[in-house]
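Trainee: Supplied structure: model.cif, mmCIF, C-alpha atoms.
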data_entry
loop_
_atom_site.label_atom_id
_atom_site.label_comp_id
_atom_site.auth_asym_id
_atom_site.auth_seq_id
_atom_site.Cartn_x
_atom_site.Cartn_y
_atom_site.Cartn_z
CA MET R 17 134.75 139.85 117.09
CA GLY R 18 136.93 140.60 114.10
CA LEU R 19 137.88 137.01 113.33
CA LEU R 20 136.83 137.22 109.72
CA ASN R 21 138.47 140.61 109.26
CA LYS R 22 141.73 139.09 110.39
CA LEU R 23 141.31 136.35 107.84
CA ASP R 24 141.07 138.99 105.13
CA ASP R 25 144.17 140.70 106.35
CA PRO R 26 146.51 138.06 107.77
CA PHE R 27 149.83 138.76 109.34
CA GLU R 28 152.94 138.85 107.31
CA GLY R 29 153.82 135.40 106.14
CA GLY R 30 150.16 134.47 106.29
CA GLY R 31 148.34 131.68 108.01
CA ILE R 32 148.12 133.25 111.46
CA VAL R 33 144.87 134.35 112.97
CA MET R 34 144.86 136.13 116.28
CA GLY R 35 141.95 135.79 118.62
CA THR R 36 140.81 134.22 121.82
CA VAL R 37 139.62 130.64 122.11
CA GLU R 38 136.43 131.98 123.60
CA ASP R 39 135.74 134.03 120.49
CA LEU R 40 136.36 131.03 118.30
CA LEU R 41 134.05 128.82 120.31
CA ASN R 42 131.35 131.46 120.49
CA TRP R 43 131.66 132.10 116.79
CA GLY R 44 131.05 128.43 116.14
CA ARG R 45 128.23 128.20 118.63
CA SER R 46 126.41 131.24 117.34
CA LYS R 47 126.65 130.13 113.73
CA SER R 48 125.18 126.67 114.18
CA ASP R 49 122.16 126.78 116.44
CA TRP R 50 119.84 123.84 116.28
CA TYR R 51 116.39 124.56 117.45
CA LEU R 52 113.43 122.75 118.84
CA HIS R 53 110.42 124.25 117.17
CA PHE R 54 107.37 124.46 119.35
CA GLY R 55 104.61 125.66 117.02
CA LEU R 56 101.33 126.37 118.78
CA ALA R 57 99.30 128.80 116.70
CA CYS R 58 99.41 131.18 113.74
CA CYS R 59 103.00 132.24 114.46
CA ALA R 60 103.96 128.70 113.46
CA ILE R 61 102.25 129.28 110.11
CA GLU R 62 104.41 132.36 109.64
CA PHE R 63 107.36 130.24 110.63
CA MET R 64 106.66 127.91 107.70
CA SER R 65 107.29 130.74 105.25
CA MET R 66 110.32 131.66 107.33
CA ASN R 67 111.73 128.18 106.81
CA ALA R 68 110.92 128.07 103.11
CA SER R 69 113.23 129.29 100.37
CA HIS R 70 112.02 132.91 100.29
CA PHE R 71 113.30 133.78 103.75
CA ASP R 72 115.63 130.83 104.20
CA PHE R 73 116.04 130.48 107.95
CA MET R 74 118.82 127.93 107.47
CA ARG R 75 121.20 130.65 106.33
CA PHE R 76 121.75 131.25 110.05
CA GLY R 77 122.97 127.69 110.45
CA THR R 78 119.80 126.62 112.16
CA ILE R 79 118.52 123.10 111.76
CA PRO R 80 115.14 122.04 113.08
CA ARG R 81 115.31 119.20 115.58
CA THR R 82 112.48 117.06 116.84
CA SER R 83 114.14 116.22 120.13
CA PRO R 84 114.91 118.66 122.94
CA ARG R 85 118.10 116.70 123.69
CA GLN R 86 119.65 117.82 120.40
CA ALA R 87 118.48 121.40 120.48
CA ASP R 88 120.38 124.56 121.40
CA PHE R 89 117.36 126.80 121.62
CA ILE R 90 113.62 126.41 121.71
CA MET R 91 111.30 128.60 119.71
CA ILE R 92 107.90 129.11 121.31
CA THR R 93 105.65 130.25 118.48
CA GLY R 94 102.07 130.85 119.46
CA THR R 95 99.49 130.89 122.21
CA VAL R 96 100.63 129.02 125.31
CA THR R 97 97.67 127.47 127.09
CA PHE R 98 98.06 126.11 130.60
CA LYS R 99 97.68 122.61 129.24
CA MET R 100 100.69 123.22 126.98
CA ALA R 101 102.65 125.21 129.57
CA ASP R 102 103.28 122.04 131.57
CA ARG R 103 104.66 120.33 128.47
CA ILE R 104 106.88 123.29 127.56
CA LYS R 105 108.39 123.26 131.02
CA ILE R 106 109.23 119.56 130.67
CA LEU R 107 110.75 120.07 127.20
CA TYR R 108 112.82 122.99 128.40
CA GLU R 109 114.14 120.97 131.30
CA GLN R 110 115.11 118.16 128.92
CA MET R 111 117.31 120.44 126.81
CA ALA R 112 121.06 120.29 127.38
CA GLU R 113 122.98 123.36 128.57
CA PRO R 114 123.70 125.88 127.20
CA LYS R 115 120.12 126.51 126.16
CA TYR R 116 118.25 129.55 124.93
CA VAL R 117 114.63 130.52 124.41
CA ILE R 118 113.08 132.68 121.71
CA SER R 119 109.54 133.78 122.40
CA VAL R 120 107.70 134.60 119.18
CA GLY R 121 104.57 136.70 118.93
CA SER R 122 102.39 138.63 121.31
CA CYS R 123 100.72 135.53 122.78
CA SER R 124 103.85 133.90 124.08
CA ASN R 125 105.39 137.28 125.00
CA CYS R 126 102.56 138.45 127.22
CA GLY R 127 99.32 136.63 126.51
CA GLY R 128 98.41 138.85 123.57
CA PRO R 129 94.67 139.18 122.90
CA TYR R 130 93.98 136.76 125.76
CA TRP R 131 95.51 139.12 128.29
CA GLU R 132 92.28 140.09 129.99
CA HIS R 133 89.70 137.34 129.54
CA GLY R 134 91.75 134.27 128.72
CA TYR R 135 91.14 131.88 131.59
CA HIS R 136 93.17 129.24 129.75
CA VAL R 137 96.19 131.19 128.44
CA LEU R 138 99.50 131.70 130.19
CA LYS R 139 100.22 135.44 130.24
CA GLY R 140 103.74 135.28 128.90
CA ILE R 141 106.07 132.32 128.57
CA ASP R 142 108.58 134.13 130.78
CA ARG R 143 106.43 133.19 133.76
CA ILE R 144 107.66 129.60 133.51
CA ILE R 145 110.97 129.62 131.60
CA PRO R 146 113.65 132.31 131.10
CA VAL R 147 113.45 134.04 127.72
CA ASP R 148 116.48 135.36 125.83
CA VAL R 149 114.87 137.05 122.84
CA TYR R 150 111.34 138.33 122.41
CA ILE R 151 110.02 138.80 118.88
CA PRO R 152 106.98 141.09 118.89
CA GLY R 153 104.18 140.90 116.34
CA CYS R 154 100.89 139.18 115.79
CA PRO R 155 102.23 137.21 114.02
CA PRO R 156 105.70 138.70 113.39
CA ARG R 157 106.91 139.23 109.83
CA PRO R 158 109.70 136.90 108.69
CA GLU R 159 112.02 139.92 108.81
CA ALA R 160 111.30 140.12 112.52
CA PHE R 161 112.31 136.48 112.84
CA HIS R 162 115.59 137.38 111.13
CA GLU R 163 116.18 140.20 113.57
CA GLY R 164 115.37 137.97 116.51
CA MET R 165 117.74 135.30 115.30
CA MET R 166 120.51 137.87 114.83
CA GLN R 167 119.91 139.16 118.35
CA LEU R 168 120.31 135.64 119.69
CA GLN R 169 123.50 135.13 117.70
CA LYS R 170 124.81 138.41 119.06
CA LYS R 171 124.00 137.31 122.58
CA ILE R 172 125.68 133.92 122.15
CA SER R 173 128.78 135.39 120.57
CA GLN R 174 129.30 137.76 123.50
CA GLN R 175 128.88 135.15 126.21
CA ALA R 176 131.67 134.21 128.55
CA ILE R 177 132.77 130.59 128.58
CA PHE R 178 135.87 130.77 130.80
CA ASN R 179 136.11 132.74 134.06
CA LYS R 180 132.44 133.54 133.93
CA ARG R 181 132.24 134.99 137.42
CA LYS R 182 135.32 137.15 137.02
CA LYS R 183 133.99 138.69 133.84
CA LEU R 184 130.54 139.15 135.30
CA LYS R 185 132.06 140.95 138.26
CA ALA R 186 134.03 143.26 136.01
CA GLU R 187 130.94 143.98 133.99
CA LEU R 188 128.90 144.77 137.08
CA LYS R 189 131.61 147.13 138.27
CA LYS R 190 131.62 148.87 134.91
CA ASN R 191 127.87 149.21 134.92
CA ALA R 192 127.90 150.59 138.44
CA ILE R 193 130.14 153.45 137.34
CA MET I 2 60.33 119.18 103.78
CA LEU I 3 59.98 122.47 105.62
CA PRO I 4 60.54 122.80 109.37
CA ASN I 5 56.84 123.39 110.11
CA GLU I 6 55.90 120.22 108.18
CA ILE I 7 58.52 118.30 110.17
CA TYR I 8 57.04 119.77 113.33
CA ASN I 9 53.51 118.66 112.37
CA ASN I 10 54.65 115.14 111.52
CA LEU I 11 56.57 114.85 114.79
CA LYS I 12 53.61 116.26 116.72
CA THR I 13 51.27 113.56 115.39
CA GLU I 14 53.77 110.87 116.31
CA PHE I 15 55.05 112.08 119.70
CA GLY I 16 52.30 114.37 120.97
CA ASP I 17 53.25 116.23 124.13
CA ALA I 18 56.96 115.46 123.84
CA ILE I 19 57.14 118.09 121.09
CA ILE I 20 56.69 121.25 123.07
CA GLU I 21 56.92 124.19 120.75
CA TYR I 22 57.57 125.36 117.21
CA ASN I 23 59.25 128.74 116.94
CA ASP I 24 59.90 130.53 113.64
CA ALA I 25 60.55 133.98 115.04
CA GLN I 26 63.15 135.87 113.00
CA PRO I 27 66.12 136.23 112.74
CA THR I 28 67.13 132.74 113.87
CA ASP I 29 66.41 129.48 112.06
CA PRO I 30 63.02 128.03 112.97
CA PHE I 31 63.49 125.51 115.76
CA ILE I 32 61.50 122.78 117.50
CA LEU I 33 61.62 122.59 121.28
CA ILE I 34 61.58 119.01 122.51
CA SER I 35 61.01 117.49 125.92
CA THR I 36 64.39 116.34 127.24
CA ASP I 37 63.45 112.77 128.19
CA LYS I 38 62.03 111.99 124.73
CA LEU I 39 65.00 113.42 122.84
CA PHE I 40 66.62 110.10 121.98
CA ASP I 41 63.43 108.62 120.51
CA VAL I 42 62.73 111.77 118.48
CA CYS I 43 66.27 111.82 117.09
CA HIS I 44 66.09 108.13 116.27
CA THR I 45 62.88 108.71 114.30
CA LEU I 46 64.39 111.73 112.56
CA ARG I 47 67.35 109.68 111.38
CA ASP I 48 65.62 106.45 110.35
CA ASN I 49 62.16 107.47 109.19
CA GLU I 50 61.93 107.44 105.38
CA GLU I 51 60.39 110.91 105.18
CA PHE I 52 63.07 112.58 107.37
CA LEU I 53 66.37 110.69 106.90
CA PHE I 54 68.46 113.20 108.87
CA ASP I 55 71.75 111.41 108.46
CA TYR I 56 73.99 114.36 109.29
CA LEU I 57 74.35 116.15 112.62
CA MET I 58 75.86 119.44 111.46
CA CYS I 59 76.41 120.90 114.89
CA LEU I 60 75.69 120.24 118.53
CA SER I 61 76.05 123.22 120.82
CA GLY I 62 75.57 123.76 124.51
CA MET I 63 74.15 126.99 125.88
CA ASP I 64 73.97 128.69 129.24
CA LEU I 65 70.53 130.33 129.31
CA GLY I 66 70.99 131.93 132.71
CA ASP I 67 68.52 129.90 134.79
CA SER I 68 68.80 126.71 132.74
CA MET I 69 71.11 124.95 130.33
CA GLY I 70 70.24 124.20 126.71
CA VAL I 71 71.49 122.04 123.88
CA VAL I 72 70.91 122.82 120.19
CA TYR I 73 71.03 120.24 117.39
CA HIS I 74 71.40 121.29 113.75
CA LEU I 75 70.37 118.42 111.49
CA TYR I 76 70.67 118.00 107.74
CA SER I 77 69.49 115.30 105.37
CA MET I 78 71.81 114.43 102.51
CA THR I 79 69.01 112.60 100.72
CA HIS I 80 66.15 115.09 101.02
CA LYS I 81 68.35 118.21 101.29
CA HIS I 82 66.32 119.64 104.16
CA LYS I 83 67.36 120.77 107.61
CA VAL I 84 65.92 121.35 111.03
CA VAL I 85 66.98 122.74 114.38
CA LEU I 86 66.10 121.00 117.65
CA LYS I 87 66.43 122.43 121.13
CA VAL I 88 66.21 120.92 124.57
CA SER I 89 66.75 122.45 127.99
CA ALA I 90 67.73 121.12 131.40
CA PRO I 91 67.78 122.60 134.91
CA LYS I 92 71.02 124.36 135.79
CA SER I 93 71.53 122.63 139.13
CA ASP I 94 71.76 119.18 137.52
CA PRO I 95 71.76 119.43 133.72
CA ARG I 96 71.21 115.96 132.26
CA VAL I 97 70.42 115.37 128.59
CA PRO I 98 70.21 112.01 126.81
CA SER I 99 73.19 111.37 124.56
CA VAL I 100 72.63 111.06 120.81
CA GLU I 101 76.12 109.67 120.31
CA LYS I 102 74.71 106.26 119.37
CA ILE I 103 72.62 107.86 116.62
CA TRP I 104 75.24 110.18 115.13
CA ARG I 105 78.90 109.42 115.82
CA THR I 106 79.65 113.14 115.38
CA ALA I 107 77.94 113.77 118.69
CA ASP I 108 80.71 111.94 120.55
CA TRP I 109 83.21 114.80 120.67
CA HIS I 110 80.60 117.55 120.52
CA GLU I 111 78.94 116.25 123.65
CA ARG I 112 82.28 115.95 125.36
CA GLU I 113 82.96 119.58 124.48
CA ALA I 114 79.59 120.69 125.83
CA TYR I 115 80.34 118.76 129.00
CA ASP I 116 83.83 120.21 129.27
CA LEU I 117 82.88 123.85 128.83
CA LEU I 118 79.35 123.95 130.26
CA GLY I 119 79.03 120.92 132.50
CA ILE I 120 76.06 119.35 130.76
CA GLN I 121 75.93 115.62 131.50
CA PHE I 122 75.01 113.49 128.50
CA GLU I 123 73.50 110.26 129.76
CA GLY I 124 74.40 107.17 127.77
CA HIS I 125 77.63 108.61 126.37
CA HIS I 126 80.36 105.96 126.47
CA ASN I 127 83.23 108.27 127.43
CA MET I 128 82.01 111.39 129.20
CA ILE I 129 85.36 113.06 129.98
CA ARG I 130 86.86 116.46 129.25
CA ILE I 131 88.10 117.07 125.71
CA LEU I 132 89.76 120.53 125.69
CA CYS I 133 90.66 121.53 129.23
CA PRO I 134 93.16 119.46 131.22
CA TYR I 135 91.59 116.57 133.11
CA ASP I 136 92.30 118.18 136.46
CA TRP I 137 90.70 121.51 135.53
CA GLU I 138 88.14 122.74 138.00
CA GLY I 139 84.76 124.08 136.87
CA HIS I 140 83.25 124.61 133.45
CA PRO I 141 84.66 127.81 131.90
CA LEU I 142 81.84 128.91 129.58
CA ARG I 143 79.23 129.00 132.34
CA LYS I 144 78.06 132.52 133.11
CA ASP I 145 78.79 132.06 136.82
CA TYR I 146 82.30 130.67 136.25
CA LYS I 147 84.98 132.06 138.53
CA VAL I 148 88.45 132.13 137.00
CA PRO I 149 90.90 130.41 139.37
CA GLU I 150 93.87 132.40 140.62
CA PHE I 151 96.51 129.72 139.99
CA TYR I 152 96.81 126.63 137.86
CA HIS I 153 99.70 124.26 138.75
CA GLY I 154 101.51 127.15 140.39
CA MET I 155 101.19 129.41 137.34
CA LYS I 156 99.33 132.67 137.86
CA VAL I 157 96.27 132.80 135.64
CA SER I 158 95.78 136.55 135.23
#
Translate the structure of the given file into structure tokens.

Mentor:
Amino acid sequence: MGLLNKLDDPFEGGGIVMGTVEDLLNWGRSKSDWYLHFGLACCAIEFMSMNASHFDFMRFGTIPRTSPRQADFIMITGTVTFKMADRIKILYEQMAEPKYVISVGSCSNCGGPYWEHGYHVLKGIDRIIPVDVYIPGCPPRPEAFHEGMMQLQKKISQQAIFNKRKKLKAELKKNAI
Amino acid sequence: MLPNEIYNNLKTEFGDAIIEYNDAQPTDPFILISTDKLFDVCHTLRDNEEFLFDYLMCLSGMDLGDSMGVVYHLYSMTHKHKVVLKVSAPKSDPRVPSVEKIWRTADWHEREAYDLLGIQFEGHHNMIRILCPYDWEGHPLRKDYKVPEFYHGMKVS
């Protein structure tokens, strides 16, 4: 993005930063993500240490919210049973756009140890809501949470806000070649 | 008091309702009780001065293949002794008297046994599912349970 680099090395006379509005908006969006935490199992226990001072999740600008209306992304941490899957769907639908999903741990990624004989477990949260970042592990280390969060920030900061379709078209053309 | 002494005392009081005493290793010695007399036996075990089983440690349901069973682990805080009771019921229509009025612990345990194994506890004040959703079909821990293909439009496996 280079916004901060330009701050370090301003133009002659100083005080001028060059960049697109989109970059500025995306920079702001990616650096202050509020999340709805949906803790379901042992991954949520790992998430406690993630939130505590040792690993300091708030350094990413994340603030835990208790309402889906105020959240930018939802973190599904743990085993998703069918009973809970209905609730997750409702919560996801209540979130305001733009919204993102981080799926944490093997259970919410693919069903985990319940893959074969779990009559009650949804085999992957991506069967009901779209997932942006998967964090593997059972449960993942806090470092993996960091990596997942950085991946989400990267994704947000590269998103198109204006002329979405035009840019998507150009990208598709590039990929085709 | 040891389990065989408890068995002898119960036998003199209830006679044929106490079916069998089994102390075969490696399980805890247990007393098999006739299903229809279960409530009276449990009531005696809780209130009689020599038993005073005031604590139901665990209530578990079992699928025994051709019949259903319920196991009661009892403990007495006063006398520091314990005993295991078992009852069985036919698989086609498993009905067991509820002991919820004797030990409040049994409330949720019996609901769980009903939810997962389909054992009906007669006399329970609120015999509904406790873990599975209310609209779930079947009782998942039965040996002959068939996993459904879809639940609310979500593929199960």

Trainee: With the cut-off set at 12 Å and counting all atoms listed in the file, tabulate each residue of chain I with an atom at most that distance from an atom of chain R, showing the nearest atom pair and its distance in Å to one decimal, ordered by chain and increasing number, as CSV.

Mentor:
residue,atom,partner,partner_atom,distance
I:Leu117,CA,R:His136,CA,11.7
I:Ile131,CA,R:Lys99,CA,11.6
I:Leu132,CA,R:Lys99,CA,8.9
I:Cys133,CA,R:Lys99,CA,7.1
I:Pro134,CA,R:Lys99,CA,5.9
I:Tyr135,CA,R:Lys99,CA,9.4
I:Asp136,CA,R:Lys99,CA,10.0
I:Trp137,CA,R:Lys99,CA,9.5
I:Glu138,CA,R:Tyr135,CA,11.6
I:Gly139,CA,R:Tyr135,CA,11.4
I:His140,CA,R:Tyr135,CA,10.9
I:Pro141,CA,R:Tyr135,CA,7.7
I:Leu142,CA,R:Tyr135,CA,10.0
I:Tyr146,CA,R:Tyr135,CA,10.1
I:Lys147,CA,R:Tyr135,CA,9.3
I:Val148,CA,R:Tyr135,CA,6.0
I:Pro149,CA,R:Tyr135,CA,7.9
I:Glu150,CA,R:Tyr135,CA,9.4
I:Phe151,CA,R:Phe98,CA,10.2
I:Tyr152,CA,R:Phe98,CA,7.4
I:His153,CA,R:Asp102,CA,8.3
I:Gly154,CA,R:Ile144,CA,9.5
I:Met155,CA,R:Arg143,CA,7.4
I:Lys156,CA,R:Leu138,CA,7.7
I:Val157,CA,R:Leu138,CA,6.4
I:Ser158,CA,R:Lys139,CA,6.8

Trainee: Going by the chain IDs and residue numbers used in this file, which residues fall under the PyMOL selection byres ((chain I and resi 21) around 7)? Write them as a PyMOL selection string.

Mentor: chain I and resi 19-20+22-23+32-33

Trainee: Kindly extract all protein, DNA and RNA residues lying within 12 Å of the coordinates (60.1, 121.7, 108.5) given in the file, considering all atoms listed in the file, and supply them as a ChimeraX atom specification.

Mentor: /I:2-12,22-24,29-32,46,51-52,54,75-77,80-86

Trainee: Enter the distance from CA of Phe76 in chain R to CA of Gln169 in chain R, in Å, rounded to one decimal.

Mentor: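 Taking CA of Phe76 in chain R as the start and CA of Gln169 in chain R as the end point, the length is 8.8 Å.
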
Trainee: Mind giving me the straight-line distance from CA of Glu187 in chain R to CA of Met165 in chain R in Å, one decimal?

Mentor: 24.5 Å

Trainee: Please report the interatomic distance between CA of Arg75 in chain R and CA of Lys47 in chain R in Å with one decimal.

Mentor: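 Taking CA of Arg75 in chain R and CA of Lys47 in chain R, their separation equals 9.2 Å.
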
Trainee: Please rebuild range 63-80 of chain R with N, CA and C atoms and give the result as a tab-separated table (two decimals), in the coordinates of the input.

Mentor:
chain	number	residue	atom	x	y	z
R	63	PHE	N	106.05	130.88	110.55
R	63	PHE	CA	107.36	130.24	110.63
R	63	PHE	C	107.60	129.30	109.45
R	64	MET	N	106.50	128.77	108.88
R	64	MET	CA	106.66	127.91	107.70
R	64	MET	C	107.26	128.71	106.55
R	65	SER	N	106.74	129.92	106.33
R	65	SER	CA	107.29	130.74	105.25
R	65	SER	C	108.71	131.15	105.59
R	66	MET	N	108.98	131.33	106.88
R	66	MET	CA	110.32	131.66	107.33
R	66	MET	C	111.30	130.54	106.96
R	67	ASN	N	110.86	129.32	107.08
R	67	ASN	CA	111.73	128.18	106.81
R	67	ASN	C	111.85	127.88	105.32
R	68	ALA	N	110.90	128.37	104.53
R	68	ALA	CA	110.92	128.07	103.11
R	68	ALA	C	111.95	128.94	102.39
R	69	SER	N	112.09	128.72	101.09
R	69	SER	CA	113.23	129.29	100.37
R	69	SER	C	113.24	130.82	100.33
R	70	HIS	N	112.06	131.45	100.40
R	70	HIS	CA	112.02	132.91	100.29
R	70	HIS	C	112.82	133.58	101.41
R	71	PHE	N	112.65	133.11	102.62
R	71	PHE	CA	113.30	133.78	103.75
R	71	PHE	C	114.44	132.95	104.33
R	72	ASP	N	114.45	131.67	104.02
R	72	ASP	CA	115.63	130.83	104.20
R	72	ASP	C	116.25	130.93	105.59
R	73	PHE	N	115.57	130.39	106.57
R	73	PHE	CA	116.04	130.48	107.95
R	73	PHE	C	117.37	129.74	108.12
R	74	MET	N	117.62	128.74	107.28
R	74	MET	CA	118.82	127.93	107.47
R	74	MET	C	120.10	128.68	107.15
R	75	ARG	N	119.98	129.87	106.58
R	75	ARG	CA	121.20	130.65	106.33
R	75	ARG	C	121.90	131.01	107.64
R	76	PHE	N	121.15	130.96	108.75
R	76	PHE	CA	121.75	131.25	110.05
R	76	PHE	C	122.42	130.01	110.65
R	77	GLY	N	122.39	128.92	109.91
R	77	GLY	CA	122.97	127.69	110.45
R	77	GLY	C	122.03	126.94	111.36
R	78	THR	N	120.77	127.29	111.29
R	78	THR	CA	119.80	126.62	112.16
R	78	THR	C	119.28	125.37	111.48
R	79	ILE	N	119.11	124.34	112.27
R	79	ILE	CA	118.52	123.10	111.76
R	79	ILE	C	117.40	122.70	112.71
R	80	PRO	N	116.22	122.45	112.18
R	80	PRO	CA	115.14	122.04	113.08
R	80	PRO	C	115.37	120.65	113.64
